[in-house]
$ cat entry_19.txt   # compact mmCIF, N, CA and C atoms and all ligand atoms
# COMPACT_ATOMS: atom_id res chain seq x y z
N MET A 272 9.62 -3.04 16.40
CA MET A 272 8.35 -3.66 16.84
C MET A 272 8.41 -5.15 16.50
N GLY A 273 8.31 -6.02 17.53
CA GLY A 273 8.43 -7.47 17.30
C GLY A 273 7.24 -8.02 16.54
N ASN A 274 7.52 -8.99 15.67
CA ASN A 274 6.45 -9.73 14.99
C ASN A 274 5.55 -8.89 14.10
N CYS A 275 6.06 -7.79 13.60
CA CYS A 275 5.25 -6.99 12.67
C CYS A 275 5.80 -7.18 11.27
N ILE A 276 4.97 -7.74 10.40
CA ILE A 276 5.42 -8.07 9.04
C ILE A 276 5.85 -6.81 8.28
N PHE A 277 5.15 -5.69 8.49
CA PHE A 277 5.51 -4.49 7.74
C PHE A 277 6.76 -3.83 8.31
N CYS A 278 7.04 -3.97 9.62
CA CYS A 278 8.33 -3.52 10.14
C CYS A 278 9.46 -4.37 9.53
N GLU A 279 9.21 -5.67 9.42
CA GLU A 279 10.23 -6.55 8.82
C GLU A 279 10.48 -6.16 7.36
N ILE A 280 9.40 -5.81 6.66
CA ILE A 280 9.54 -5.37 5.27
C ILE A 280 10.29 -4.04 5.24
N ALA A 281 9.89 -3.09 6.11
CA ALA A 281 10.53 -1.76 6.13
C ALA A 281 12.02 -1.89 6.41
N GLU A 282 12.38 -2.84 7.25
CA GLU A 282 13.79 -3.01 7.61
C GLU A 282 14.52 -3.93 6.65
N GLY A 283 13.81 -4.42 5.63
CA GLY A 283 14.46 -5.22 4.59
C GLY A 283 14.72 -6.66 4.98
N ARG A 284 14.12 -7.11 6.09
CA ARG A 284 14.34 -8.50 6.51
C ARG A 284 13.40 -9.46 5.80
N ILE A 285 12.30 -8.92 5.28
CA ILE A 285 11.38 -9.71 4.45
C ILE A 285 11.31 -8.99 3.11
N PRO A 286 11.43 -9.74 2.00
CA PRO A 286 11.43 -9.07 0.70
C PRO A 286 10.08 -8.48 0.32
N SER A 287 10.14 -7.44 -0.49
CA SER A 287 8.91 -6.83 -1.01
C SER A 287 9.25 -6.26 -2.37
N ILE A 288 8.21 -6.06 -3.16
CA ILE A 288 8.40 -5.41 -4.46
C ILE A 288 8.01 -3.96 -4.27
N ARG A 289 9.03 -3.09 -4.27
CA ARG A 289 8.80 -1.68 -3.93
C ARG A 289 8.61 -0.84 -5.18
N VAL A 290 7.70 0.11 -5.04
CA VAL A 290 7.43 1.03 -6.15
C VAL A 290 8.10 2.36 -5.87
N TYR A 291 8.21 2.70 -4.59
CA TYR A 291 8.71 4.02 -4.20
C TYR A 291 9.10 3.95 -2.73
N GLU A 292 10.08 4.79 -2.33
CA GLU A 292 10.32 4.96 -0.90
C GLU A 292 10.97 6.31 -0.64
N ASP A 293 10.74 6.83 0.55
CA ASP A 293 11.41 8.05 1.00
C ASP A 293 11.63 7.93 2.50
N GLU A 294 11.96 9.03 3.16
CA GLU A 294 12.32 8.91 4.58
C GLU A 294 11.13 8.51 5.47
N ASP A 295 9.92 8.77 5.01
CA ASP A 295 8.74 8.50 5.84
C ASP A 295 7.95 7.26 5.42
N PHE A 296 8.02 6.92 4.14
CA PHE A 296 7.11 5.90 3.59
C PHE A 296 7.84 4.89 2.70
N ILE A 297 7.20 3.73 2.59
CA ILE A 297 7.58 2.72 1.58
C ILE A 297 6.28 2.35 0.86
N VAL A 298 6.38 2.17 -0.43
CA VAL A 298 5.21 1.80 -1.23
C VAL A 298 5.52 0.46 -1.88
N LEU A 299 4.65 -0.52 -1.66
CA LEU A 299 4.94 -1.85 -2.17
C LEU A 299 3.71 -2.47 -2.82
N MET A 300 3.98 -3.47 -3.64
CA MET A 300 2.90 -4.22 -4.27
C MET A 300 2.26 -5.10 -3.21
N ASP A 301 0.92 -5.06 -3.12
CA ASP A 301 0.21 -5.96 -2.21
C ASP A 301 0.37 -7.39 -2.72
N ILE A 302 0.70 -8.29 -1.79
CA ILE A 302 0.98 -9.67 -2.18
C ILE A 302 -0.32 -10.46 -2.46
N ASN A 303 -1.44 -9.97 -1.95
CA ASN A 303 -2.76 -10.59 -2.21
C ASN A 303 -3.69 -9.51 -2.75
N PRO A 304 -3.41 -9.07 -3.97
CA PRO A 304 -4.09 -7.87 -4.47
C PRO A 304 -5.57 -8.06 -4.73
N LEU A 305 -6.33 -6.99 -4.49
CA LEU A 305 -7.75 -7.01 -4.82
C LEU A 305 -7.95 -6.81 -6.32
N THR A 306 -7.04 -6.07 -6.94
CA THR A 306 -7.02 -5.91 -8.40
C THR A 306 -5.55 -5.80 -8.82
N VAL A 307 -5.31 -5.91 -10.12
CA VAL A 307 -3.94 -5.72 -10.63
C VAL A 307 -3.52 -4.27 -10.35
N GLY A 308 -2.35 -4.11 -9.74
CA GLY A 308 -1.86 -2.76 -9.45
C GLY A 308 -2.16 -2.30 -8.03
N HIS A 309 -2.75 -3.18 -7.20
CA HIS A 309 -3.05 -2.84 -5.79
C HIS A 309 -1.72 -2.59 -5.06
N ILE A 310 -1.57 -1.38 -4.55
CA ILE A 310 -0.33 -1.04 -3.83
C ILE A 310 -0.66 -0.56 -2.42
N LEU A 311 0.34 -0.65 -1.56
CA LEU A 311 0.21 -0.25 -0.16
C LEU A 311 1.24 0.83 0.14
N LEU A 312 0.76 1.92 0.70
CA LEU A 312 1.64 2.99 1.19
C LEU A 312 1.77 2.76 2.68
N ILE A 313 2.95 2.38 3.14
CA ILE A 313 3.14 2.09 4.57
C ILE A 313 4.12 3.09 5.18
N THR A 314 3.94 3.35 6.46
CA THR A 314 4.89 4.23 7.15
C THR A 314 6.16 3.43 7.47
N ARG A 315 7.29 4.11 7.47
CA ARG A 315 8.54 3.45 7.89
C ARG A 315 8.49 3.09 9.37
N GLN A 316 7.89 3.98 10.15
CA GLN A 316 7.78 3.75 11.58
C GLN A 316 6.53 2.92 11.86
N HIS A 317 6.55 2.24 12.98
CA HIS A 317 5.40 1.42 13.36
C HIS A 317 4.34 2.26 14.06
N TYR A 318 3.22 2.46 13.40
CA TYR A 318 2.01 3.03 14.01
C TYR A 318 0.90 2.05 13.68
N VAL A 319 -0.09 1.92 14.53
CA VAL A 319 -1.14 0.93 14.27
C VAL A 319 -2.27 1.55 13.45
N THR A 320 -2.97 2.51 14.01
CA THR A 320 -4.07 3.12 13.24
C THR A 320 -3.73 4.58 12.94
N THR A 321 -4.60 5.19 12.16
CA THR A 321 -4.44 6.60 11.77
C THR A 321 -4.38 7.51 13.01
N LEU A 322 -5.03 7.10 14.08
CA LEU A 322 -5.03 7.94 15.30
C LEU A 322 -3.63 8.09 15.88
N GLU A 323 -2.75 7.14 15.59
CA GLU A 323 -1.39 7.19 16.14
C GLU A 323 -0.41 7.93 15.25
N VAL A 324 -0.75 8.09 14.00
CA VAL A 324 0.23 8.65 13.05
C VAL A 324 0.32 10.15 13.25
N PRO A 325 1.54 10.69 13.44
CA PRO A 325 1.66 12.13 13.64
C PRO A 325 1.09 12.91 12.44
N ASN A 326 0.54 14.07 12.74
CA ASN A 326 -0.11 14.85 11.69
C ASN A 326 0.84 15.24 10.56
N ASN A 327 2.11 15.49 10.91
CA ASN A 327 3.03 15.89 9.83
C ASN A 327 3.28 14.74 8.85
N ILE A 328 3.18 13.51 9.32
CA ILE A 328 3.32 12.35 8.42
C ILE A 328 2.02 12.16 7.62
N LEU A 329 0.90 12.28 8.32
CA LEU A 329 -0.39 12.14 7.62
C LEU A 329 -0.54 13.18 6.52
N ALA A 330 -0.04 14.39 6.79
CA ALA A 330 -0.16 15.47 5.81
C ALA A 330 0.63 15.17 4.54
N LYS A 331 1.64 14.33 4.66
CA LYS A 331 2.41 13.96 3.46
C LYS A 331 1.79 12.77 2.74
N ALA A 332 0.97 12.02 3.47
CA ALA A 332 0.49 10.74 2.92
C ALA A 332 -0.49 10.93 1.75
N LEU A 333 -1.41 11.87 1.89
CA LEU A 333 -2.44 11.96 0.85
C LEU A 333 -1.91 12.52 -0.47
N PRO A 334 -1.05 13.56 -0.44
CA PRO A 334 -0.46 13.99 -1.72
C PRO A 334 0.35 12.87 -2.38
N LEU A 335 1.05 12.07 -1.57
CA LEU A 335 1.81 10.95 -2.13
C LEU A 335 0.86 9.89 -2.69
N ALA A 336 -0.22 9.62 -1.96
CA ALA A 336 -1.21 8.65 -2.43
C ALA A 336 -1.81 9.11 -3.77
N LYS A 337 -2.01 10.40 -3.89
CA LYS A 337 -2.55 10.94 -5.14
C LYS A 337 -1.60 10.68 -6.31
N GLN A 338 -0.32 10.97 -6.09
CA GLN A 338 0.70 10.72 -7.13
C GLN A 338 0.72 9.24 -7.51
N LEU A 339 0.68 8.40 -6.48
CA LEU A 339 0.77 6.95 -6.71
C LEU A 339 -0.47 6.43 -7.42
N ALA A 340 -1.63 6.96 -7.03
CA ALA A 340 -2.88 6.52 -7.66
C ALA A 340 -2.84 6.85 -9.14
N GLU A 341 -2.36 8.04 -9.45
CA GLU A 341 -2.28 8.44 -10.85
C GLU A 341 -1.36 7.50 -11.62
N ALA A 342 -0.20 7.22 -11.02
CA ALA A 342 0.76 6.32 -11.67
C ALA A 342 0.17 4.91 -11.81
N ALA A 343 -0.53 4.47 -10.79
CA ALA A 343 -1.08 3.10 -10.82
C ALA A 343 -2.16 2.97 -11.89
N ILE A 344 -3.06 3.95 -11.98
CA ILE A 344 -4.14 3.80 -12.97
C ILE A 344 -3.60 3.97 -14.39
N LEU A 345 -2.60 4.84 -14.54
CA LEU A 345 -1.96 4.94 -15.86
C LEU A 345 -1.23 3.65 -16.19
N GLY A 346 -0.53 3.13 -15.20
CA GLY A 346 0.29 1.93 -15.40
C GLY A 346 -0.54 0.73 -15.81
N VAL A 347 -1.68 0.54 -15.18
CA VAL A 347 -2.47 -0.67 -15.47
C VAL A 347 -3.66 -0.38 -16.40
N GLY A 348 -3.84 0.90 -16.73
CA GLY A 348 -4.93 1.25 -17.65
C GLY A 348 -6.30 1.15 -17.01
N ALA A 349 -6.42 1.63 -15.78
CA ALA A 349 -7.72 1.61 -15.08
C ALA A 349 -8.30 3.02 -15.06
N PRO A 350 -9.64 3.15 -15.20
CA PRO A 350 -10.24 4.48 -15.19
C PRO A 350 -10.52 5.02 -13.79
N ALA A 351 -10.46 4.16 -12.78
CA ALA A 351 -10.92 4.56 -11.44
C ALA A 351 -10.03 3.89 -10.39
N PHE A 352 -10.20 4.32 -9.17
CA PHE A 352 -9.42 3.70 -8.08
C PHE A 352 -10.12 3.95 -6.75
N ASN A 353 -9.80 3.07 -5.80
CA ASN A 353 -10.18 3.28 -4.40
C ASN A 353 -8.92 3.58 -3.61
N ILE A 354 -9.08 4.48 -2.62
CA ILE A 354 -8.05 4.70 -1.60
C ILE A 354 -8.75 4.46 -0.27
N PHE A 355 -8.18 3.59 0.55
CA PHE A 355 -8.80 3.38 1.86
C PHE A 355 -7.78 2.94 2.90
N ILE A 356 -8.17 3.15 4.14
CA ILE A 356 -7.34 2.76 5.30
C ILE A 356 -8.26 2.01 6.26
N ASN A 357 -7.87 0.81 6.64
CA ASN A 357 -8.59 0.09 7.69
C ASN A 357 -7.92 0.42 9.02
N ASN A 358 -8.75 0.67 10.03
CA ASN A 358 -8.24 1.09 11.34
C ASN A 358 -8.85 0.23 12.44
N GLY A 359 -8.09 -0.76 12.89
CA GLY A 359 -8.56 -1.66 13.95
C GLY A 359 -9.15 -2.93 13.39
N PRO A 360 -9.07 -4.01 14.14
CA PRO A 360 -9.51 -5.33 13.66
C PRO A 360 -10.95 -5.33 13.19
N GLU A 361 -11.83 -4.64 13.88
CA GLU A 361 -13.26 -4.66 13.52
C GLU A 361 -13.50 -4.00 12.17
N SER A 362 -12.58 -3.17 11.73
CA SER A 362 -12.71 -2.49 10.43
C SER A 362 -12.20 -3.36 9.29
N GLY A 363 -11.52 -4.46 9.65
CA GLY A 363 -10.91 -5.30 8.63
C GLY A 363 -9.40 -5.19 8.59
N GLN A 364 -8.82 -4.39 9.49
CA GLN A 364 -7.34 -4.27 9.50
C GLN A 364 -6.73 -5.60 9.98
N ALA A 365 -5.93 -6.19 9.10
CA ALA A 365 -5.30 -7.47 9.41
C ALA A 365 -3.84 -7.30 9.78
N VAL A 366 -3.19 -6.31 9.18
CA VAL A 366 -1.78 -6.02 9.50
C VAL A 366 -1.78 -4.75 10.34
N HIS A 367 -1.30 -4.88 11.56
CA HIS A 367 -1.46 -3.79 12.53
C HIS A 367 -0.26 -2.84 12.50
N HIS A 368 0.01 -2.39 11.33
CA HIS A 368 1.04 -1.38 11.02
C HIS A 368 0.40 -0.51 9.95
N TRP A 369 0.35 0.78 10.19
CA TRP A 369 -0.45 1.68 9.35
C TRP A 369 -0.13 1.54 7.86
N HIS A 370 -1.17 1.46 7.07
CA HIS A 370 -1.00 1.41 5.62
C HIS A 370 -2.25 1.92 4.93
N LEU A 371 -2.04 2.49 3.79
CA LEU A 371 -3.12 3.02 2.96
C LEU A 371 -3.15 2.20 1.68
N HIS A 372 -4.34 1.72 1.34
CA HIS A 372 -4.50 0.91 0.13
C HIS A 372 -4.80 1.83 -1.06
N ILE A 373 -4.17 1.54 -2.18
CA ILE A 373 -4.53 2.18 -3.45
C ILE A 373 -4.86 1.04 -4.42
N VAL A 374 -6.11 1.02 -4.87
CA VAL A 374 -6.62 -0.12 -5.65
C VAL A 374 -7.18 0.39 -6.98
N PRO A 375 -6.45 0.17 -8.07
CA PRO A 375 -6.99 0.56 -9.39
C PRO A 375 -8.26 -0.24 -9.68
N ARG A 376 -9.23 0.40 -10.33
CA ARG A 376 -10.51 -0.25 -10.59
C ARG A 376 -10.87 -0.17 -12.06
N LYS A 377 -11.09 -1.35 -12.65
CA LYS A 377 -11.58 -1.41 -14.03
C LYS A 377 -13.05 -1.79 -14.07
N GLU A 378 -13.48 -2.53 -13.05
CA GLU A 378 -14.86 -3.04 -13.01
C GLU A 378 -15.57 -2.48 -11.79
N PRO A 379 -16.86 -2.15 -11.91
CA PRO A 379 -17.61 -1.76 -10.72
C PRO A 379 -17.84 -2.96 -9.80
N GLY A 380 -18.28 -2.68 -8.59
CA GLY A 380 -18.55 -3.76 -7.64
C GLY A 380 -17.96 -3.42 -6.29
N GLU A 381 -18.38 -4.19 -5.29
CA GLU A 381 -17.90 -3.92 -3.93
C GLU A 381 -16.55 -4.57 -3.71
N LEU A 382 -15.72 -3.89 -2.94
CA LEU A 382 -14.43 -4.48 -2.57
C LEU A 382 -14.61 -5.26 -1.28
N PRO A 383 -14.06 -6.48 -1.20
CA PRO A 383 -14.12 -7.20 0.06
C PRO A 383 -13.16 -6.59 1.08
N LEU A 384 -13.48 -6.73 2.35
CA LEU A 384 -12.58 -6.23 3.40
C LEU A 384 -11.61 -7.32 3.82
N LYS A 385 -11.17 -8.08 2.87
CA LYS A 385 -10.16 -9.09 3.16
C LYS A 385 -9.25 -9.21 1.94
N PRO A 386 -8.04 -9.76 2.12
CA PRO A 386 -7.11 -9.81 0.99
C PRO A 386 -7.67 -10.60 -0.18
N GLY A 387 -7.13 -10.32 -1.35
CA GLY A 387 -7.52 -11.03 -2.55
C GLY A 387 -6.72 -12.33 -2.69
N ALA A 388 -6.69 -12.86 -3.91
CA ALA A 388 -5.93 -14.09 -4.18
C ALA A 388 -4.44 -13.76 -4.27
N PRO A 389 -3.59 -14.73 -3.98
CA PRO A 389 -2.14 -14.47 -4.07
C PRO A 389 -1.76 -13.95 -5.47
N ALA A 390 -0.87 -12.98 -5.48
CA ALA A 390 -0.42 -12.41 -6.75
C ALA A 390 0.42 -13.42 -7.51
N ASP A 391 0.42 -13.29 -8.83
CA ASP A 391 1.34 -14.07 -9.67
C ASP A 391 2.72 -13.41 -9.55
N LEU A 392 3.61 -14.07 -8.82
CA LEU A 392 4.91 -13.43 -8.51
C LEU A 392 5.82 -13.32 -9.72
N THR A 393 5.46 -14.01 -10.82
CA THR A 393 6.26 -13.83 -12.03
C THR A 393 5.87 -12.53 -12.74
N LYS A 394 4.61 -12.07 -12.47
CA LYS A 394 4.14 -10.86 -13.16
C LYS A 394 4.26 -9.60 -12.31
N LEU A 395 4.27 -9.77 -10.96
CA LEU A 395 4.19 -8.61 -10.07
C LEU A 395 5.32 -7.59 -10.29
N PRO A 396 6.55 -8.03 -10.55
CA PRO A 396 7.62 -7.03 -10.79
C PRO A 396 7.34 -6.16 -12.03
N PHE A 397 6.65 -6.74 -13.02
CA PHE A 397 6.37 -5.97 -14.24
C PHE A 397 5.24 -4.96 -14.00
N VAL A 398 4.26 -5.37 -13.17
CA VAL A 398 3.20 -4.42 -12.80
C VAL A 398 3.84 -3.27 -12.02
N ALA A 399 4.73 -3.61 -11.09
CA ALA A 399 5.43 -2.57 -10.30
C ALA A 399 6.19 -1.62 -11.23
N ALA A 400 6.83 -2.18 -12.25
CA ALA A 400 7.63 -1.36 -13.17
C ALA A 400 6.75 -0.39 -13.96
N THR A 401 5.55 -0.85 -14.36
CA THR A 401 4.69 0.06 -15.13
C THR A 401 4.19 1.20 -14.24
N ILE A 402 3.97 0.91 -12.96
CA ILE A 402 3.54 1.98 -12.04
C ILE A 402 4.71 2.95 -11.82
N ARG A 403 5.88 2.40 -11.54
CA ARG A 403 7.09 3.22 -11.32
C ARG A 403 7.35 4.13 -12.54
N ASP A 404 7.18 3.58 -13.73
CA ASP A 404 7.45 4.34 -14.96
C ASP A 404 6.50 5.52 -15.11
N ASN A 405 5.33 5.42 -14.50
CA ASN A 405 4.33 6.50 -14.62
C ASN A 405 4.36 7.48 -13.45
N LEU A 406 5.28 7.29 -12.53
CA LEU A 406 5.38 8.23 -11.39
C LEU A 406 6.00 9.52 -11.84
N LYS A 407 5.29 10.62 -11.51
CA LYS A 407 5.80 11.93 -11.92
C LYS A 407 6.58 12.56 -10.79
P1 LIG A 501 -5.47 -4.69 5.95
O1 LIG A 501 -6.58 -5.69 5.91
O2 LIG A 501 -4.62 -4.84 7.18
O3 LIG A 501 -5.92 -3.28 5.71
O4 LIG A 501 -4.58 -5.04 4.70
C1 LIG A 501 -3.36 -5.75 4.77
C2 LIG A 501 -2.89 -5.94 3.35
O5 LIG A 501 -1.54 -6.35 3.41
C3 LIG A 501 -3.67 -7.00 2.59
O6 LIG A 501 -4.17 -6.45 1.38
C4 LIG A 501 -2.64 -8.10 2.35
O7 LIG A 501 -2.80 -8.72 1.10
C5 LIG A 501 -1.33 -7.34 2.45
N1 LIG A 501 -0.20 -8.13 2.95
C6 LIG A 501 -0.21 -8.94 4.03
N2 LIG A 501 1.02 -9.48 4.22
C7 LIG A 501 1.80 -9.00 3.22
C8 LIG A 501 3.18 -9.19 2.88
O8 LIG A 501 3.93 -9.93 3.51
N3 LIG A 501 3.65 -8.52 1.80
C9 LIG A 501 2.84 -7.70 1.06
N4 LIG A 501 3.41 -7.10 0.02
N5 LIG A 501 1.55 -7.48 1.36
C10 LIG A 501 1.03 -8.13 2.42
ZN ZN A 502 5.29 -2.46 12.24
$ encode --input "entry_19.txt" --output "structure tokens" --more "lines below"
Ligand code: 5GP
Ligand code: ZN
Amino acid sequence: MGNCIFCEIAEGRIPSIRVYEDEDFIVLMDINPLTVGHILLITRQHYVTTLEVPNNILAKALPLAKQLAEAAILGVGAPAFNIFINNGPESGQAVHHWHLHIVPRKEPGELPLKPGAPADLTKLPFVAATIRDNLK
């Protein structure tokens, strides 16, 4: 898929800090995190919204998201988390390649439907490592 940043990441042409990968998914640190430990579960294949993703892939996504959420909240020491998927521009989807957000939460409050501030790239690999270390 031309001009898709997540296809470029999936194919290794653009670098990413990966937490996990398998034949269907790649999990990476969000580069503009809403909170510390914000990760993205993306499909290897290019699908735009949830309506396009085959059911057999979707059926694997939520159990994996659960595992990752547990690792992320343990890794960063958060008591809570959000899991969400934006579908279509009007919903706030900015990258038109399917992805599920996992956002550890330490503080209450509303999440904006836009990216956060750029991550500190000197710290992001260490956050990724703490999440990876907690993956069961
Ligand atoms: P959306 O609004 O499409 O649901 O979320 C897109 C997410 O992708 C945002 O949280 C944004 O920070 C993240 N993002 C955009 N470009 C990149 C990138 O090149 N690398 C990484 N790791 N995350 C990205
Ligand atoms: Zn893509």
$ residues_near_point --input "entry_19.txt" --point "(5.2, 11.1, -11.1)" --cutoff "8 Å" --atoms "only C-alpha atoms" --output "list of chain:residue names"
A:Gln338, A:Leu339, A:Glu341, A:Ala342, A:Asn405, A:Leu406, A:Lys407
$ write_last_selection --input "entry_19.txt" --atoms "N, CA and C atoms" --output "CSV table (one decimal), in the frame of the given file"
chain,number,residue,atom,x,y,z
A,338,GLN,N,-0.3,11.0,-6.1
A,338,GLN,CA,0.7,10.7,-7.1
A,338,GLN,C,0.7,9.2,-7.5
A,339,LEU,N,0.7,8.4,-6.5
A,339,LEU,CA,0.8,7.0,-6.7
A,339,LEU,C,-0.5,6.4,-7.4
A,341,GLU,N,-2.4,8.0,-9.4
A,341,GLU,CA,-2.3,8.4,-10.8
A,341,GLU,C,-1.4,7.5,-11.6
A,342,ALA,N,-0.2,7.2,-11.0
A,342,ALA,CA,0.8,6.3,-11.7
A,342,ALA,C,0.2,4.9,-11.8
A,405,ASN,N,5.3,5.4,-14.5
A,405,ASN,CA,4.3,6.5,-14.6
A,405,ASN,C,4.4,7.5,-13.4
A,406,LEU,N,5.3,7.3,-12.5
A,406,LEU,CA,5.4,8.2,-11.4
A,406,LEU,C,6.0,9.5,-11.8
A,407,LYS,N,5.3,10.6,-11.5
A,407,LYS,CA,5.8,11.9,-11.9
A,407,LYS,C,6.6,12.6,-10.8
$ residues_near_ligand --input "entry_19.txt" --ligand "ligand ZN 502 (chain A)" --cutoff "8 Å" --atoms "only N, CA and C atoms and all ligand atoms" --output "mmCIF file with N, CA and C atoms, in the coordinates of the input"
data_model
loop_
_atom_site.group_PDB
_atom_site.id
_atom_site.type_symbol
_atom_site.label_atom_id
_atom_site.label_comp_id
_atom_site.auth_asym_id
_atom_site.auth_seq_id
_atom_site.Cartn_x
_atom_site.Cartn_y
_atom_site.Cartn_z
ATOM 1 N N MET A 272 9.620 -3.040 16.400
ATOM 2 C CA MET A 272 8.350 -3.660 16.840
ATOM 3 C C MET A 272 8.410 -5.150 16.500
ATOM 4 N N GLY A 273 8.310 -6.020 17.530
ATOM 5 C CA GLY A 273 8.430 -7.470 17.300
ATOM 6 C C GLY A 273 7.240 -8.020 16.540
ATOM 7 N N ASN A 274 7.520 -8.990 15.670
ATOM 8 C CA ASN A 274 6.450 -9.730 14.990
ATOM 9 C C ASN A 274 5.550 -8.890 14.100
ATOM 10 N N CYS A 275 6.060 -7.790 13.600
ATOM 11 C CA CYS A 275 5.250 -6.990 12.670
ATOM 12 C C CYS A 275 5.800 -7.180 11.270
ATOM 13 N N ILE A 276 4.970 -7.740 10.400
ATOM 14 C CA ILE A 276 5.420 -8.070 9.040
ATOM 15 C C ILE A 276 5.850 -6.810 8.280
ATOM 16 N N PHE A 277 5.150 -5.690 8.490
ATOM 17 C CA PHE A 277 5.510 -4.490 7.740
ATOM 18 C C PHE A 277 6.760 -3.830 8.310
ATOM 19 N N CYS A 278 7.040 -3.970 9.620
ATOM 20 C CA CYS A 278 8.330 -3.520 10.140
ATOM 21 C C CYS A 278 9.460 -4.370 9.530
ATOM 22 N N GLU A 279 9.210 -5.670 9.420
ATOM 23 C CA GLU A 279 10.230 -6.550 8.820
ATOM 24 C C GLU A 279 10.480 -6.160 7.360
ATOM 25 N N ILE A 280 9.400 -5.810 6.660
ATOM 26 C CA ILE A 280 9.540 -5.370 5.270
ATOM 27 C C ILE A 280 10.290 -4.040 5.240
ATOM 28 N N ALA A 281 9.890 -3.090 6.110
ATOM 29 C CA ALA A 281 10.530 -1.760 6.130
ATOM 30 C C ALA A 281 12.020 -1.890 6.410
ATOM 31 N N THR A 314 3.940 3.350 6.460
ATOM 32 C CA THR A 314 4.890 4.230 7.150
ATOM 33 C C THR A 314 6.160 3.430 7.470
ATOM 34 N N ARG A 315 7.290 4.110 7.470
ATOM 35 C CA ARG A 315 8.540 3.450 7.890
ATOM 36 C C ARG A 315 8.490 3.090 9.370
ATOM 37 N N GLN A 316 7.890 3.980 10.150
ATOM 38 C CA GLN A 316 7.780 3.750 11.580
ATOM 39 C C GLN A 316 6.530 2.920 11.860
ATOM 40 N N HIS A 317 6.550 2.240 12.980
ATOM 41 C CA HIS A 317 5.400 1.420 13.360
ATOM 42 C C HIS A 317 4.340 2.260 14.060
ATOM 43 N N TYR A 318 3.220 2.460 13.400
ATOM 44 C CA TYR A 318 2.010 3.030 14.010
ATOM 45 C C TYR A 318 0.900 2.050 13.680
ATOM 46 N N VAL A 319 -0.090 1.920 14.530
ATOM 47 C CA VAL A 319 -1.140 0.930 14.270
ATOM 48 C C VAL A 319 -2.270 1.550 13.450
ATOM 49 N N VAL A 366 -3.190 -6.310 9.180
ATOM 50 C CA VAL A 366 -1.780 -6.020 9.500
ATOM 51 C C VAL A 366 -1.780 -4.750 10.340
ATOM 52 N N HIS A 367 -1.300 -4.880 11.560
ATOM 53 C CA HIS A 367 -1.460 -3.790 12.530
ATOM 54 C C HIS A 367 -0.260 -2.840 12.500
ATOM 55 N N HIS A 368 0.010 -2.390 11.330
ATOM 56 C CA HIS A 368 1.040 -1.380 11.020
ATOM 57 C C HIS A 368 0.400 -0.510 9.950
ATOM 58 N N TRP A 369 0.350 0.780 10.190
ATOM 59 C CA TRP A 369 -0.450 1.680 9.350
ATOM 60 C C TRP A 369 -0.130 1.540 7.860
#
$ residues_around --input "entry_19.txt" --residues "Glu378 (chain A)" --least-positions-apart "2" --cutoff "8 Å" --atoms "all atoms listed in the file" --output "tab-separated table (two decimals) with N, CA and C atoms, in the frame of the given file"
chain	number	residue	atom	x	y	z
A	349	ALA	N	-6.42	1.63	-15.78
A	349	ALA	CA	-7.72	1.61	-15.08
A	349	ALA	C	-8.30	3.02	-15.06
A	350	PRO	N	-9.64	3.15	-15.20
A	350	PRO	CA	-10.24	4.48	-15.19
A	350	PRO	C	-10.52	5.02	-13.79
A	351	ALA	N	-10.46	4.16	-12.78
A	351	ALA	CA	-10.92	4.56	-11.44
A	351	ALA	C	-10.03	3.89	-10.39
A	375	PRO	N	-6.45	0.17	-8.07
A	375	PRO	CA	-6.99	0.56	-9.39
A	375	PRO	C	-8.26	-0.24	-9.68
A	376	ARG	N	-9.23	0.40	-10.33
A	376	ARG	CA	-10.51	-0.25	-10.59
A	376	ARG	C	-10.87	-0.17	-12.06
A	380	GLY	N	-18.28	-2.68	-8.59
A	380	GLY	CA	-18.55	-3.76	-7.64
A	380	GLY	C	-17.96	-3.42	-6.29
A	381	GLU	N	-18.38	-4.19	-5.29
A	381	GLU	CA	-17.90	-3.92	-3.93
A	381	GLU	C	-16.55	-4.57	-3.71
$ closest_atom_pairs --input "entry_19.txt" --of "chain A" --to "ligand LIG 501 (chain A)" --cutoff "8 Å" --atoms "all atoms listed in the file" --output "CSV"
residue,atom,partner,partner_atom,distance
A:Ile276,C,A:LIG501,O8,6.0
A:Phe277,N,A:LIG501,O8,6.7
A:Ile280,CA,A:LIG501,O8,7.4
A:Ile285,C,A:LIG501,O8,7.5
A:Pro286,C,A:LIG501,N3,6.6
A:Ser287,CA,A:LIG501,N4,5.6
A:Ile288,N,A:LIG501,N4,5.9
A:Leu299,C,A:LIG501,N4,5.4
A:Met300,C,A:LIG501,N4,4.0
A:Asp301,CA,A:LIG501,N4,4.1
A:Ile302,N,A:LIG501,N5,3.4
A:Asn303,N,A:LIG501,O7,3.6
A:Pro304,N,A:LIG501,O7,5.1
A:Leu305,N,A:LIG501,O6,6.3
A:His309,C,A:LIG501,O6,7.9
A:Ile310,C,A:LIG501,O6,7.8
A:Leu311,CA,A:LIG501,O5,7.3
A:Phe355,C,A:LIG501,O3,7.1
A:Ile356,C,A:LIG501,O3,5.8
A:Asn357,N,A:LIG501,O3,4.6
A:Asn358,N,A:LIG501,O3,6.5
A:Gly359,N,A:LIG501,O2,7.8
A:Ser362,C,A:LIG501,O1,7.0
A:Gly363,C,A:LIG501,O1,3.9
A:Gln364,C,A:LIG501,O2,3.6
A:Ala365,N,A:LIG501,O2,2.7
A:Val366,N,A:LIG501,O2,2.9
A:His367,N,A:LIG501,O2,5.5
A:His368,N,A:LIG501,O2,6.7
A:Trp369,C,A:LIG501,O2,7.8
A:His370,C,A:LIG501,O3,6.4
A:Leu371,N,A:LIG501,O3,7.2
A:His372,N,A:LIG501,O3,6.8
A:Leu384,C,A:LIG501,O1,5.7
A:Lys385,CA,A:LIG501,O1,5.7
A:Pro386,CA,A:LIG501,O7,4.4
A:Gly387,N,A:LIG501,O7,5.2
A:Ala388,C,A:LIG501,O7,7.5
A:Pro389,CA,A:LIG501,O7,7.8
$ residues_around --input "entry_19.txt" --residues "Gly346 (chain A)" --least-positions-apart "3" --cutoff "8 Å" --atoms "only C-alpha atoms" --output "list in words"
Gly308, Ala342, Ala343, Val398, Thr401, Ile402, Asp404 and Asn405 of chain A
